[in-house]
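Novice: Attaching a single structure in structure tokens format; questions to follow.
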Amino acid sequence: MPVVHVALPVLLSRTFDYLLPPGSQPVAGARVCVPWGKQQAIGIVTDYSETSELPLDKLKLIYSTLDHASLFSPSLWRILHWASDYYHYPIGEVLFHALPILLRQGKLAEATPLGQWFATDLGHATLQESLKRAPKQQQALALLKHRPVYRHEVSLLELKESALQALRTKGMIDLRYQLATPQDWRPSLAVLGERLSLNTEQATAVGAIRSQDEQFAAWLLAGVTGSGKTEVYLSVLENILAKGRQALVLVPEIGLTPQTIARFRKRFNAPVDVLHSGLNDSERLAVWLRARSGEVAIIIGTRSALFSPFQRLGMIIIDEEHDSSYKQQEGWRYNARNLAVLRAKEENIPIVMGSATPALETLHNVQRDKYRQLTLSGRAGNAKPAAQYLIDLKGMPLKVGLSPPLLKSMQNHLKAGNQVMLFLNRRGYAPAMLCHECVWIAECKRCDYYYTFHQNQHQLRCHHCDSQLPVPHQCPKCSSTHLVSVGIGTEQLQNGLAPLFPDTPITRIDRDTTSRKGSLEQYLADIHRGESHILIGTQMLAKGHHFPNVTLVALLDVDGALFSADFRSAEHFAQLYTQVSGRAGRAGKQGEVLLQTHHPDHPFLQILLQQSYDAFAQHALSERNSLFLPPYTHHIILRAEDHDNQQAPHFLQQQRNWLETSQLKDDSLWVLGPVPALHAKRGGRFRWQLLLQHPSRQVLQQLVKNLLPLVSTLPQARKVKWTLDVDPIDS
């Protein structure tokens with residue numbers, strides 16, 4: 001009997017051997033059900049052989065085969081195996097990460113009946129005017145009279161579940177379950193609506209990408225905010241879809257998907273599906289199946305959408321390619337942007353990476369001729385560059401963190417009928433609460449960080465481990481009842497602005513206000529309708545959104561970002577500032593950007609305001625080169641956590657001792673640590689790290705590959721939680 005090598009979703013860097021029962025012959029990439037201890041588990045066949053390290057009579061038989069064909073295309077199979085080696089992560093975990101949860105649990109990879117809303121005879125006979133007092137129901141019924149709608153399409157079409165249920169109660173619509181009829185979108189493909197006229201730079205970019213859309217090419221589309229990068233995406237996709245090929249569009253966050261989907265749906269009469277963490281398991285599987293069968297033309301999704309199977313993938317687009325959310329920070333710590341480039345190369349298709357603030361690694365790849373850069377230097381249409389000013393806060397009286405010049409500017413812009421955006425990357429009411437008598441500060445003992453005060457919920461919350469406490473009535477140290485909040489968060493800013501602008505609608509967008517499903521879409525719709533004039537937000541509001549009536553953008557508190565132990569902090573701040581300031585003046589109106597700071601002479605601020613992000617990037621790359629930092633060298637971090645603050649540093653010191661004596665070590669290897677992480681304690685665990693740096697990625701990889709077998713043999717390996725981070729983006 002041949003021996004089958006099976007990958008299981010366990011944190012062991014090996015496969016497991018089983019025997020085939022008579023008549024069974026699963027292919028590599030198919031799932032099998034196998035015995036695992038006293039239970040059974042789902043595994044993925046990786047290979048066959050005639051022998052095993054164990055005696056054949058000790059091997060168990062596979063219970064059953066779940067798939068007749070591989071769940072992975074040949075190119076995706078190669079990419080996942082390469083990624084397992086590169087990131088030094090177990091192949092079983094990597095393969096299962098690329099599958100929807102229901103497939104991991106053993107559900108068959110075939111379509112199941114889907115819920116479908118349809119209009120009843122009563123609904124077809126009902127006049128739209130009779131529902132004029134219920135506009136959401138009116139909207140839903142009008143659409144269902146035109147065609148049935150599957151349940152997974154409800155959020156995409158901006159329908160409300162409550163409105164559908166109300167119509168069902170009235171007997172106007174109903175829900176049925178049936179298999180979705182596979183439809184080929186290619187014969188009826190057409191471009192809908194009006195195309196925006198391209199300016200010279202946009203047309204040049206589109207022409208260059210189209211000229212090589214039958215082969216691998218990595219393009220950086222570097223365009224200032226408001227330069228019309230999305231229109232370039234849509235234009236090049238016209239050609240791809242016309243050839244009957246599919247496209248994958250990656251966006252960094254779920255918050256950017258509603259408006260992106262709306263634009264793509266408005267342009268093409270082809271199926272556009274979405275993949276993000278807001279979908280349930282059945283919805284994710286349905287999208288996965290439609291992509292594999294070729295029924296969907298475009299998938300727009302966040303990081304994990306990269307692993308979707310496609311029948312005819314023709315292009316990958318990565319919007320906001322610099323964004324740190326493309327890097328997975330738990331478990332398998334892959335970088336979706338880098339793997340997307342690898343997938344494009346394996347599929348021999350073009351990839352377009354767009355950003356107003358390209359990552360320094362991406363610009364370095366342009367310098368090395370690995371990527372080709374296309375530049376959009378001007379704003380699309382009649383939009384003009386926003387005027388940028390610094391406000392020196394030293395000695396100024398502040399009202400809820402706002403200086404007098406900023407308040408006056410807000411009044412002027414609001415009086416002109418425009419919208420104002422205030423950026424404060426700190427949610428909650430205040431970042432700390434202390435006792436006015438003894439200066440006790442409410443601190444999370446599990447993380448050694450201050451609790452954030454949330455006034456509306458009357459809670460103290462740790463934003464690192466998510467622990468929560470009720471606000472104390474008195475100081476636990478001196479029993480004083482004089483407890484005060486310190487600092488300003490978005491919640492306090494909203495409350496404080498209400499009396500200053502009593503007749504002005506205010507909208508706050510952060511994780512606290514958008515936790516309910518559909519709430520973000522509702523807020524964005526209100527903003528676009530002009531129902532809100534002052535917008536308060538964290539990074540959720542800062543990136544990618546197009547608000548044509550926003551003419552003033554103010555950054556309230558950025559000084560903390562100017563002084564950090566993380567060498568990447570300057571790059572992240574420059575990207576954040578450029579992205580936030582780009583929300584101002586995007587539709588022909590003159591925009592204004594105000595930045596409040598106590599350090600107006602800081603060199604980074606001067607470069608950004610007086611020159612551009614490009615000037616900053618070249619300065620930062622030169623600085624990185626002189627200091628031997630990425631992208632001119634490469635990093636791997638070995639992290640360890642414990643509960644007593646002793647085992648982790650001892651464990652990492654043993655790794656360093658081995659590295660110091662390794663024959664692979666040379667003068668170019670630099671090892672730092674063990675040292676405490678920048679966030680030294682989180683969730684009750686003390687966090688330490690060992691940093692490895694080398695100018696050669698290959699040498700560094702070989703060092704770690706030889707080191708890891710030793711790690712698992714150490715007694716401390718079972719006493720600590722340890723992880724490996726290849727190409728880390730944070731410390």
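Residues in the structure tokens are named by chain (A, B, ... in the order shown) and by number from 1 within that chain; ligands are numbered from 1 in the order shown.
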Residues at most 9 Å from segment 364-371 of chain A, counting only C-alpha atoms, excluding those fewer than 2 positions away in the same chain, as a list in words?

Specialist: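 The filter keeps Ala217, Ala218, Trp219, Leu220, Ala359, Leu360, Glu361, Thr362, Gln373, Leu621, Pro631 and Tyr632 of chain A.
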
Novice: Would you give me, as a PyMOL selection string, the residues in segment 304-477 of chain A that DSSP reads as strand (DSSP E or B)?

Specialist: chain A and resi 313-319+327+335+350-355+372-376+387-392+399+402+419-423+430+432-435+441+443-444+449-450+452-454+459-461+468-470

Novice: Interatomic distance between atom CA of Leu398 of chain A and atom CA of Leu483 of chain A?

Specialist: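 Going from atom CA of Leu398 of chain A over to atom CA of Leu483 of chain A covers 21.3 Å.
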
Novice: Show me, as an MDAnalysis selection string, the residues that have an atom within 10 Å of Lys107 of chain A when counting only C-alpha atoms, minus same-chain residues fewer than 5 positions from it.

Specialist: chainID A and resid 66 100:102 285

Novice: Could you work out how far atom CA of Thr452 of chain A lies from atom CA of Leu562 of chain A, giving the answer in Å with one decimal?

Specialist: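 Distance reported for this atom pair: 21.9 Å.
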
Novice: Once DSSP has gone over the backbone, tell me which residues of segment 449-689 of chain A are in helix (DSSP H, G or I), as a PyMOL selection string.

Specialist: chain A and resi 490-500+519-528+539-542+559-562+569-581+603-610+613-626+647-661

Novice: Using only C-alpha atoms, determine which residues lie at most 12 Å from Ser52 of chain A, disregarding the query and same-chain residues fewer than 6 positions distant; provide the list as a PDB file with C-alpha atoms, in the first residue's frame.

Specialist:
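Below is the file around.pdb, written as the result:
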ATOM      1  CA  MET A   1       0.000   0.000   0.000  1.00  0.00           C
ATOM      2  CA  PRO A   2       1.337   3.459  -0.803  1.00  0.00           C
ATOM      3  CA  VAL A   3       2.025   5.779   2.121  1.00  0.00           C
ATOM      4  CA  VAL A   4       0.111   9.054   2.068  1.00  0.00           C
ATOM      5  CA  HIS A   5       1.657  12.174   3.594  1.00  0.00           C
ATOM      6  CA  THR A  15       3.337  15.905   7.770  1.00  0.00           C
ATOM      7  CA  PHE A  16       1.849  12.639   9.055  1.00  0.00           C
ATOM      8  CA  ASP A  17       1.859   9.264   7.354  1.00  0.00           C
ATOM      9  CA  TYR A  18      -1.228   7.150   6.735  1.00  0.00           C
ATOM     10  CA  LEU A  19      -2.120   4.158   4.590  1.00  0.00           C
ATOM     11  CA  LYS A  58       2.178   1.106  12.876  1.00  0.00           C
ATOM     12  CA  LEU A  59       0.423   3.346  10.346  1.00  0.00           C
TER      13      LEU A  59
END

Novice: Give the answer as one residue: which of A:Arg379, A:Lys136, A:Arg168, A:His436 has the shortest atom-to-atom distance to Gly223 of chain A, using only C-alpha atoms?

Specialist: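 Of the candidates, the smallest distance to Gly223 of chain A is held by A:Arg379.
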
Novice: Can you work out which one of A:Phe686, A:Ser70, A:Trp185, A:Gly278 has the shortest atom-to-atom distance to Ser515 of chain A, counting only C-alpha atoms?

Specialist: A:Gly278

Novice: For His635 of chain A, please output as an NGL selection string all residues within 7 Å (counting only C-alpha atoms; exclusion window: fewer than 3 positions along the same chain).

Specialist: :A and (691-694 or 726-728)

Novice: For Gly591 of chain A, list every protein, DNA or RNA residue within 7 Å, evaluated using only C-alpha atoms, and leave out those in the same chain fewer than 3 positions away; present the list as a list in words.

Specialist: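 The filter keeps Ala386, Ala387, Thr551, Leu552, Ala584 and Gly585 of chain A.
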
Novice: Can you build me a table of segment 194-220 of chain A residues sitting at most 12 Å from segment 334-355 of chain A, with the closest atom pair per residue and its distance in Å to one decimal, using only C-alpha atoms, sorted by chain and residue number, as a tab-separated table?

Specialist:
residue	atom	partner	partner_atom	distance
A:Ala205	CA	A:Val352	CA	10.5
A:Val206	CA	A:Val352	CA	10.7
A:Ala208	CA	A:Pro350	CA	11.2
A:Ile209	CA	A:Pro350	CA	7.8
A:Arg210	CA	A:Pro350	CA	9.3
A:Ser211	CA	A:Pro350	CA	10.5
A:Gln212	CA	A:Pro350	CA	7.4
A:Asp213	CA	A:Pro350	CA	5.7
A:Glu214	CA	A:Ile349	CA	6.2
A:Gln215	CA	A:Ile349	CA	4.7
A:Phe216	CA	A:Ile349	CA	4.3
A:Ala217	CA	A:Pro350	CA	4.6
A:Ala218	CA	A:Ile351	CA	5.1
A:Trp219	CA	A:Val352	CA	4.8
A:Leu220	CA	A:Met353	CA	4.9

Novice: If you keep all heavy atoms, can you produce a file of those selected residues as a compact mmCIF listing (two decimals), in the first residue's frame?

Specialist:
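Once everything was written out, this is part-v1.txt:
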# COMPACT_ATOMS: atom_id res chain seq x y z
N ALA A 205 -0.71 55.90 -17.88
CA ALA A 205 -0.64 54.74 -16.97
C ALA A 205 -1.48 53.59 -17.51
O ALA A 205 -1.04 52.43 -17.53
CB ALA A 205 -1.10 55.15 -15.58
N VAL A 206 -2.70 53.89 -17.94
CA VAL A 206 -3.58 52.85 -18.46
C VAL A 206 -2.96 52.19 -19.69
O VAL A 206 -2.95 50.96 -19.84
CB VAL A 206 -4.97 53.43 -18.80
CG1 VAL A 206 -5.81 52.42 -19.58
CG2 VAL A 206 -5.69 53.86 -17.54
N ALA A 208 0.22 51.97 -20.52
CA ALA A 208 1.39 51.16 -20.17
C ALA A 208 0.98 49.81 -19.59
O ALA A 208 1.53 48.76 -19.96
CB ALA A 208 2.26 51.93 -19.17
N ILE A 209 0.00 49.81 -18.70
CA ILE A 209 -0.43 48.56 -18.07
C ILE A 209 -1.11 47.66 -19.10
O ILE A 209 -0.87 46.44 -19.14
CB ILE A 209 -1.38 48.86 -16.89
CG1 ILE A 209 -0.64 49.65 -15.80
CG2 ILE A 209 -1.93 47.56 -16.31
CD1 ILE A 209 -1.54 50.21 -14.72
N ARG A 210 -1.95 48.25 -19.94
CA ARG A 210 -2.64 47.44 -20.96
C ARG A 210 -1.66 46.82 -21.95
O ARG A 210 -1.91 45.73 -22.47
CB ARG A 210 -3.65 48.31 -21.71
CG ARG A 210 -4.95 48.55 -20.96
CD ARG A 210 -5.94 49.30 -21.84
NE ARG A 210 -7.25 49.40 -21.20
CZ ARG A 210 -8.30 50.00 -21.76
NH1 ARG A 210 -8.18 50.55 -22.96
NH2 ARG A 210 -9.45 50.04 -21.13
N SER A 211 -0.57 47.49 -22.21
CA SER A 211 0.38 46.98 -23.21
C SER A 211 1.05 45.70 -22.76
O SER A 211 1.63 44.98 -23.58
CB SER A 211 1.45 48.04 -23.51
OG SER A 211 2.29 48.24 -22.39
N GLN A 212 1.00 45.41 -21.44
CA GLN A 212 1.65 44.20 -20.94
C GLN A 212 0.70 43.42 -20.04
O GLN A 212 1.13 42.86 -19.02
CB GLN A 212 2.93 44.56 -20.20
CG GLN A 212 3.96 45.25 -21.08
CD GLN A 212 5.31 45.32 -20.43
OE1 GLN A 212 5.75 44.40 -19.75
NE2 GLN A 212 6.00 46.44 -20.62
N ASP A 213 -0.58 43.38 -20.39
CA ASP A 213 -1.53 42.70 -19.50
C ASP A 213 -1.69 41.21 -19.82
O ASP A 213 -2.58 40.56 -19.31
CB ASP A 213 -2.90 43.40 -19.52
CG ASP A 213 -3.58 43.35 -20.88
OD1 ASP A 213 -3.04 42.71 -21.80
OD2 ASP A 213 -4.66 43.96 -21.02
N GLU A 214 -0.80 40.66 -20.68
CA GLU A 214 -0.83 39.23 -20.96
C GLU A 214 0.34 38.51 -20.29
O GLU A 214 0.57 37.33 -20.53
CB GLU A 214 -0.76 38.99 -22.48
CG GLU A 214 -1.98 39.46 -23.26
CD GLU A 214 -3.16 38.52 -23.11
OE1 GLU A 214 -2.98 37.43 -22.53
OE2 GLU A 214 -4.26 38.87 -23.57
N GLN A 215 1.09 39.21 -19.44
CA GLN A 215 2.26 38.61 -18.81
C GLN A 215 2.50 39.27 -17.46
O GLN A 215 1.86 40.26 -17.11
CB GLN A 215 3.49 38.81 -19.70
CG GLN A 215 3.84 40.28 -19.91
CD GLN A 215 4.87 40.49 -21.00
OE1 GLN A 215 4.87 39.79 -22.00
NE2 GLN A 215 5.77 41.44 -20.80
N PHE A 216 3.43 38.69 -16.71
CA PHE A 216 3.74 39.26 -15.40
C PHE A 216 4.45 40.60 -15.54
O PHE A 216 5.40 40.75 -16.29
CB PHE A 216 4.63 38.32 -14.59
CG PHE A 216 5.19 38.95 -13.34
CD1 PHE A 216 4.35 39.22 -12.26
CD2 PHE A 216 6.53 39.30 -13.25
CE1 PHE A 216 4.85 39.82 -11.11
CE2 PHE A 216 7.04 39.89 -12.10
CZ PHE A 216 6.19 40.15 -11.03
N ALA A 217 3.94 41.57 -14.81
CA ALA A 217 4.59 42.87 -14.68
C ALA A 217 4.12 43.47 -13.36
O ALA A 217 2.93 43.42 -13.05
CB ALA A 217 4.24 43.79 -15.85
N ALA A 218 5.05 43.99 -12.59
CA ALA A 218 4.70 44.59 -11.31
C ALA A 218 4.76 46.11 -11.45
O ALA A 218 5.83 46.68 -11.67
CB ALA A 218 5.66 44.12 -10.22
N TRP A 219 3.60 46.75 -11.32
CA TRP A 219 3.49 48.20 -11.49
C TRP A 219 3.21 48.87 -10.15
O TRP A 219 2.35 48.43 -9.40
CB TRP A 219 2.35 48.54 -12.44
CG TRP A 219 2.46 47.97 -13.81
CD1 TRP A 219 1.89 46.84 -14.29
CD2 TRP A 219 3.20 48.52 -14.91
NE1 TRP A 219 2.21 46.63 -15.60
CE2 TRP A 219 3.03 47.67 -16.01
CE3 TRP A 219 3.99 49.66 -15.07
CZ2 TRP A 219 3.61 47.90 -17.25
CZ3 TRP A 219 4.58 49.90 -16.30
CH2 TRP A 219 4.38 49.04 -17.37
N LEU A 220 3.94 49.93 -9.87
CA LEU A 220 3.60 50.82 -8.76
C LEU A 220 2.89 52.03 -9.33
O LEU A 220 3.49 52.79 -10.11
CB LEU A 220 4.85 51.25 -7.98
CG LEU A 220 4.63 52.40 -6.98
CD1 LEU A 220 3.64 51.98 -5.89
CD2 LEU A 220 5.94 52.87 -6.38

Novice: For Gly684 of chain A, which residue among A:Val471, A:Leu520, A:Cys447, A:Met540 is the nearest when counting only C-alpha atoms?

Specialist: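 Of A:Val471, A:Leu520, A:Cys447, A:Met540, the one nearest Gly684 of chain A, counting only C-alpha atoms, is A:Cys447.
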
Novice: Residues within 12 Å of segment 35-51 of chain A, please, as number ranges by chain. Count only C-alpha atoms; anything in the same chain fewer than 6 positions from it doesn't count.

Specialist: A: 1-10, 14-20, 25-29, 57, 59-72, 77-78, 80-81, 91-99, 101-108
